[in-house]
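First comes the structure, then the notes that go with it.
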Amino acid sequence: MTAQKKILIITGDAGESFEILFATHRLKEAGYIPVIAASSVRKLNLVIHDFEPGWDTYIERKGYLVESEISFANVHTQDYEAVLIPGGLII
């Protein structure tokens, strides 16, 4: 039996809810173990980007809570196949 491969997801407070949650679910569907990393292990307050009538840009509303599983200080890069930086790209 081969070990499942882990993908590190970097986020923090005000990370976009759908970017974090969608990536987490899709990675699980693909057979990976998503691991959410933040500055410390705790519940993170995510946001939802929404549009307000008459505004030219989006506003942020309170989104979902998600638990980080590892702090940046405890990440060992050799344990992960890739890093996902939401709003950015997969490295």
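FYI, nothing fancy with the structure tokens labels: chains A, B, ... in order, residues from 1 per chain, ligands from 1 as they appear.
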Backbone DSSP call of strand (DSSP E or B) for chain A, listed as an MDAnalysis selection string: chainID A and resid 6:10 16 33:38 43:51 58:67 70:71 82:84 90
Tell me which protein, DNA and RNA residues are within 10 Å of Lys6 of chain A, counting only C-alpha atoms, leaving out same-chain ones fewer than 2 positions away, and put them as number ranges by chain. A: 3-4, 8-9, 27-28, 31-35, 79-83
Fewer than 5 positions away in the same chain doesn't count, so skip those; otherwise give me all residues within 10 Å of segment 46-59 of chain A, counting only C-alpha atoms, as a PyMOL selection string. chain A and resi 11-21+64-66
Take the residues from that selection and write them out as an mmCIF file, in the first residue's frame, keeping all heavy atoms.
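Here's the written file out-v7.cif:
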```cif
data_model
loop_
_atom_site.group_PDB
_atom_site.id
_atom_site.type_symbol
_atom_site.label_atom_id
_atom_site.label_comp_id
_atom_site.auth_asym_id
_atom_site.auth_seq_id
_atom_site.Cartn_x
_atom_site.Cartn_y
_atom_site.Cartn_z
ATOM 1 N N THR A 11 -2.601 29.521 4.120
ATOM 2 C CA THR A 11 -3.637 30.541 4.278
ATOM 3 C C THR A 11 -3.521 31.177 5.653
ATOM 4 O O THR A 11 -2.591 30.914 6.395
ATOM 5 C CB THR A 11 -5.045 29.969 4.027
ATOM 6 O OG1 THR A 11 -5.967 31.046 3.875
ATOM 7 C CG2 THR A 11 -5.480 29.022 5.122
ATOM 8 N N GLY A 12 -4.495 31.992 5.983
ATOM 9 C CA GLY A 12 -4.556 32.664 7.274
ATOM 10 C C GLY A 12 -5.904 33.334 7.389
ATOM 11 O O GLY A 12 -6.791 33.117 6.558
ATOM 12 N N ASP A 13 -6.082 34.145 8.423
ATOM 13 C CA ASP A 13 -7.325 34.896 8.538
ATOM 14 C C ASP A 13 -7.547 35.704 7.264
ATOM 15 O O ASP A 13 -6.605 36.221 6.659
ATOM 16 C CB ASP A 13 -7.272 35.839 9.735
ATOM 17 C CG ASP A 13 -7.471 35.106 11.060
ATOM 18 O OD1 ASP A 13 -8.250 34.133 11.098
ATOM 19 O OD2 ASP A 13 -6.858 35.522 12.054
ATOM 20 N N ALA A 14 -8.790 35.776 6.844
ATOM 21 C CA ALA A 14 -9.229 36.501 5.646
ATOM 22 C C ALA A 14 -8.859 35.789 4.350
ATOM 23 O O ALA A 14 -8.953 36.372 3.276
ATOM 24 C CB ALA A 14 -8.751 37.948 5.633
ATOM 25 N N GLY A 15 -8.453 34.521 4.438
ATOM 26 C CA GLY A 15 -8.330 33.724 3.230
ATOM 27 C C GLY A 15 -9.723 33.568 2.626
ATOM 28 O O GLY A 15 -10.729 33.616 3.342
ATOM 29 N N GLU A 16 -9.826 33.424 1.331
ATOM 30 C CA GLU A 16 -11.122 33.334 0.669
ATOM 31 C C GLU A 16 -11.724 31.940 0.890
ATOM 32 O O GLU A 16 -11.118 30.934 0.539
ATOM 33 C CB GLU A 16 -10.979 33.624 -0.819
ATOM 34 C CG GLU A 16 -12.135 34.385 -1.434
ATOM 35 C CD GLU A 16 -13.409 33.572 -1.563
ATOM 36 O OE1 GLU A 16 -13.339 32.354 -1.779
ATOM 37 O OE2 GLU A 16 -14.491 34.167 -1.456
ATOM 38 N N SER A 17 -12.915 31.896 1.479
ATOM 39 C CA SER A 17 -13.559 30.632 1.851
ATOM 40 C C SER A 17 -13.602 29.620 0.716
ATOM 41 O O SER A 17 -13.210 28.463 0.892
ATOM 42 C CB SER A 17 -15.000 30.877 2.329
ATOM 43 O OG SER A 17 -15.031 31.569 3.545
ATOM 44 N N PHE A 18 -14.107 30.039 -0.435
ATOM 45 C CA PHE A 18 -14.300 29.086 -1.519
ATOM 46 C C PHE A 18 -12.981 28.591 -2.086
ATOM 47 O O PHE A 18 -12.869 27.436 -2.492
ATOM 48 C CB PHE A 18 -15.195 29.678 -2.600
ATOM 49 C CG PHE A 18 -16.581 29.966 -2.094
ATOM 50 C CD1 PHE A 18 -17.118 31.224 -2.199
ATOM 51 C CD2 PHE A 18 -17.332 28.975 -1.481
ATOM 52 C CE1 PHE A 18 -18.392 31.505 -1.708
ATOM 53 C CE2 PHE A 18 -18.608 29.233 -0.989
ATOM 54 C CZ PHE A 18 -19.138 30.499 -1.098
ATOM 55 N N GLU A 19 -11.971 29.447 -2.113
ATOM 56 C CA GLU A 19 -10.661 28.998 -2.606
ATOM 57 C C GLU A 19 -10.086 27.914 -1.698
ATOM 58 O O GLU A 19 -9.516 26.944 -2.178
ATOM 59 C CB GLU A 19 -9.688 30.176 -2.697
ATOM 60 C CG GLU A 19 -10.013 31.146 -3.801
ATOM 61 C CD GLU A 19 -9.032 32.301 -3.880
ATOM 62 O OE1 GLU A 19 -8.144 32.413 -3.011
ATOM 63 O OE2 GLU A 19 -9.155 33.100 -4.816
ATOM 64 N N ILE A 20 -10.212 28.083 -0.403
ATOM 65 C CA ILE A 20 -9.662 27.114 0.546
ATOM 66 C C ILE A 20 -10.498 25.835 0.561
ATOM 67 O O ILE A 20 -9.968 24.727 0.435
ATOM 68 C CB ILE A 20 -9.594 27.706 1.974
ATOM 69 C CG1 ILE A 20 -8.823 29.030 2.000
ATOM 70 C CG2 ILE A 20 -9.016 26.684 2.955
ATOM 71 C CD1 ILE A 20 -7.416 28.964 1.502
ATOM 72 N N LEU A 21 -11.815 25.980 0.721
ATOM 73 C CA LEU A 21 -12.680 24.807 0.855
ATOM 74 C C LEU A 21 -12.773 24.004 -0.439
ATOM 75 O O LEU A 21 -12.733 22.771 -0.415
ATOM 76 C CB LEU A 21 -14.058 25.230 1.345
ATOM 77 C CG LEU A 21 -14.065 25.902 2.721
ATOM 78 C CD1 LEU A 21 -15.468 26.388 3.075
ATOM 79 C CD2 LEU A 21 -13.522 24.973 3.787
ATOM 80 N N TYR A 64 -16.486 31.193 6.344
ATOM 81 C CA TYR A 64 -16.447 29.989 7.155
ATOM 82 C C TYR A 64 -15.237 29.988 8.080
ATOM 83 O O TYR A 64 -14.300 30.756 7.897
ATOM 84 C CB TYR A 64 -16.392 28.759 6.246
ATOM 85 C CG TYR A 64 -17.604 28.623 5.380
ATOM 86 C CD1 TYR A 64 -17.612 29.148 4.083
ATOM 87 C CD2 TYR A 64 -18.746 27.992 5.845
ATOM 88 C CE1 TYR A 64 -18.742 29.043 3.281
ATOM 89 C CE2 TYR A 64 -19.877 27.875 5.050
ATOM 90 C CZ TYR A 64 -19.859 28.404 3.770
ATOM 91 O OH TYR A 64 -20.975 28.304 2.991
ATOM 92 N N LEU A 65 -15.286 29.106 9.061
ATOM 93 C CA LEU A 65 -14.133 28.856 9.912
ATOM 94 C C LEU A 65 -13.462 27.585 9.428
ATOM 95 O O LEU A 65 -14.133 26.645 9.000
ATOM 96 C CB LEU A 65 -14.564 28.660 11.371
ATOM 97 C CG LEU A 65 -15.184 29.867 12.070
ATOM 98 C CD1 LEU A 65 -15.699 29.459 13.449
ATOM 99 C CD2 LEU A 65 -14.184 30.994 12.190
ATOM 100 N N VAL A 66 -12.146 27.555 9.470
ATOM 101 C CA VAL A 66 -11.399 26.347 9.124
ATOM 102 C C VAL A 66 -10.236 26.239 10.104
ATOM 103 O O VAL A 66 -9.686 27.246 10.545
ATOM 104 C CB VAL A 66 -10.907 26.382 7.650
ATOM 105 C CG1 VAL A 66 -9.851 27.431 7.430
ATOM 106 C CG2 VAL A 66 -10.410 25.030 7.207
#
```
Students should find that atom CA of Ile7 of chain A and atom CA of Leu84 of chain A are spaced 7.1 Å
Determine the nearest neighbour of Ile36 of chain A from the options A:Ala23, A:Ser68, A:Ala73, A:Ile85, counting only C-alpha atoms.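 Closest residue, counting only C-alpha atoms: A:Ser68.
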Write down as a VMD selection string the residues belonging to chain A that are assigned helix (DSSP H, G or I) by DSSP computed on the backbone. chain A and resid 17 to 29 72 to 74 77 to 79
Kindly save the residues from that selection, with N, CA and C atoms included, as a short mmCIF file (atom, residue, chain, number, x, y, z; two decimals), in the first residue's frame.
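Dumped to part-v2.cif:
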```
data_model
loop_
_atom_site.label_atom_id
_atom_site.label_comp_id
_atom_site.auth_asym_id
_atom_site.auth_seq_id
_atom_site.Cartn_x
_atom_site.Cartn_y
_atom_site.Cartn_z
N SER A 17 -12.92 31.90 1.48
CA SER A 17 -13.56 30.63 1.85
C SER A 17 -13.60 29.62 0.72
N PHE A 18 -14.11 30.04 -0.44
CA PHE A 18 -14.30 29.09 -1.52
C PHE A 18 -12.98 28.59 -2.09
N GLU A 19 -11.97 29.45 -2.11
CA GLU A 19 -10.66 29.00 -2.61
C GLU A 19 -10.09 27.91 -1.70
N ILE A 20 -10.21 28.08 -0.40
CA ILE A 20 -9.66 27.11 0.55
C ILE A 20 -10.50 25.83 0.56
N LEU A 21 -11.81 25.98 0.72
CA LEU A 21 -12.68 24.81 0.86
C LEU A 21 -12.77 24.00 -0.44
N PHE A 22 -12.89 24.68 -1.58
CA PHE A 22 -12.97 23.98 -2.86
C PHE A 22 -11.69 23.19 -3.11
N ALA A 23 -10.55 23.84 -2.89
CA ALA A 23 -9.27 23.15 -3.10
C ALA A 23 -9.14 21.95 -2.18
N THR A 24 -9.53 22.11 -0.92
CA THR A 24 -9.45 21.01 0.05
C THR A 24 -10.28 19.81 -0.41
N HIS A 25 -11.50 20.06 -0.82
CA HIS A 25 -12.38 18.97 -1.26
C HIS A 25 -11.89 18.32 -2.55
N ARG A 26 -11.46 19.12 -3.52
CA ARG A 26 -10.98 18.56 -4.79
C ARG A 26 -9.71 17.74 -4.61
N LEU A 27 -8.80 18.21 -3.75
CA LEU A 27 -7.57 17.45 -3.50
C LEU A 27 -7.90 16.11 -2.86
N LYS A 28 -8.85 16.09 -1.92
CA LYS A 28 -9.27 14.82 -1.31
C LYS A 28 -9.85 13.89 -2.37
N GLU A 29 -10.69 14.43 -3.26
CA GLU A 29 -11.27 13.62 -4.33
C GLU A 29 -10.19 13.01 -5.22
N PHE A 72 3.54 27.32 10.22
CA PHE A 72 4.63 27.46 9.25
C PHE A 72 5.96 26.97 9.84
N ALA A 73 6.18 27.24 11.10
CA ALA A 73 7.44 26.88 11.75
C ALA A 73 7.65 25.37 11.81
N ASN A 74 6.57 24.59 11.74
CA ASN A 74 6.68 23.14 11.85
C ASN A 74 6.58 22.40 10.52
N THR A 77 9.31 20.71 4.34
CA THR A 77 8.93 20.73 2.93
C THR A 77 9.04 19.36 2.25
N GLN A 78 9.94 18.53 2.71
CA GLN A 78 10.11 17.21 2.08
C GLN A 78 8.89 16.31 2.30
N ASP A 79 7.97 16.69 3.19
CA ASP A 79 6.78 15.89 3.47
C ASP A 79 5.65 16.14 2.48
#
```
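Considering only C-alpha atoms, the residue among A:His76, A:Pro86, A:Lys5, A:Ile10 positioned nearest to Ser39 of chain A is A:Ile10.
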Can you pull out every residue within 7 Å of Glu67 of chain A, counting only C-alpha atoms, but drop anything in the same chain fewer than 2 positions away, and send it as JSON, numbers by chain? {"A": [42, 43, 44, 65, 69]}
Filtering to N, CA and C atoms, could you give me those residues as a compact mmCIF listing (two decimals), in the first residue's frame?
```txt
# COMPACT_ATOMS: atom_id res chain seq x y z
N ARG A 42 -4.77 26.94 14.76
CA ARG A 42 -5.97 27.52 15.39
C ARG A 42 -7.08 27.61 14.36
N LYS A 43 -8.27 28.04 14.82
CA LYS A 43 -9.37 28.29 13.89
C LYS A 43 -9.09 29.59 13.15
N LEU A 44 -9.23 29.53 11.85
CA LEU A 44 -9.02 30.69 10.99
C LEU A 44 -10.36 31.24 10.53
N LEU A 65 -15.29 29.11 9.06
CA LEU A 65 -14.13 28.86 9.91
C LEU A 65 -13.46 27.59 9.43
N GLU A 69 -3.85 23.06 10.46
CA GLU A 69 -3.36 21.79 11.00
C GLU A 69 -1.90 21.83 11.39
```
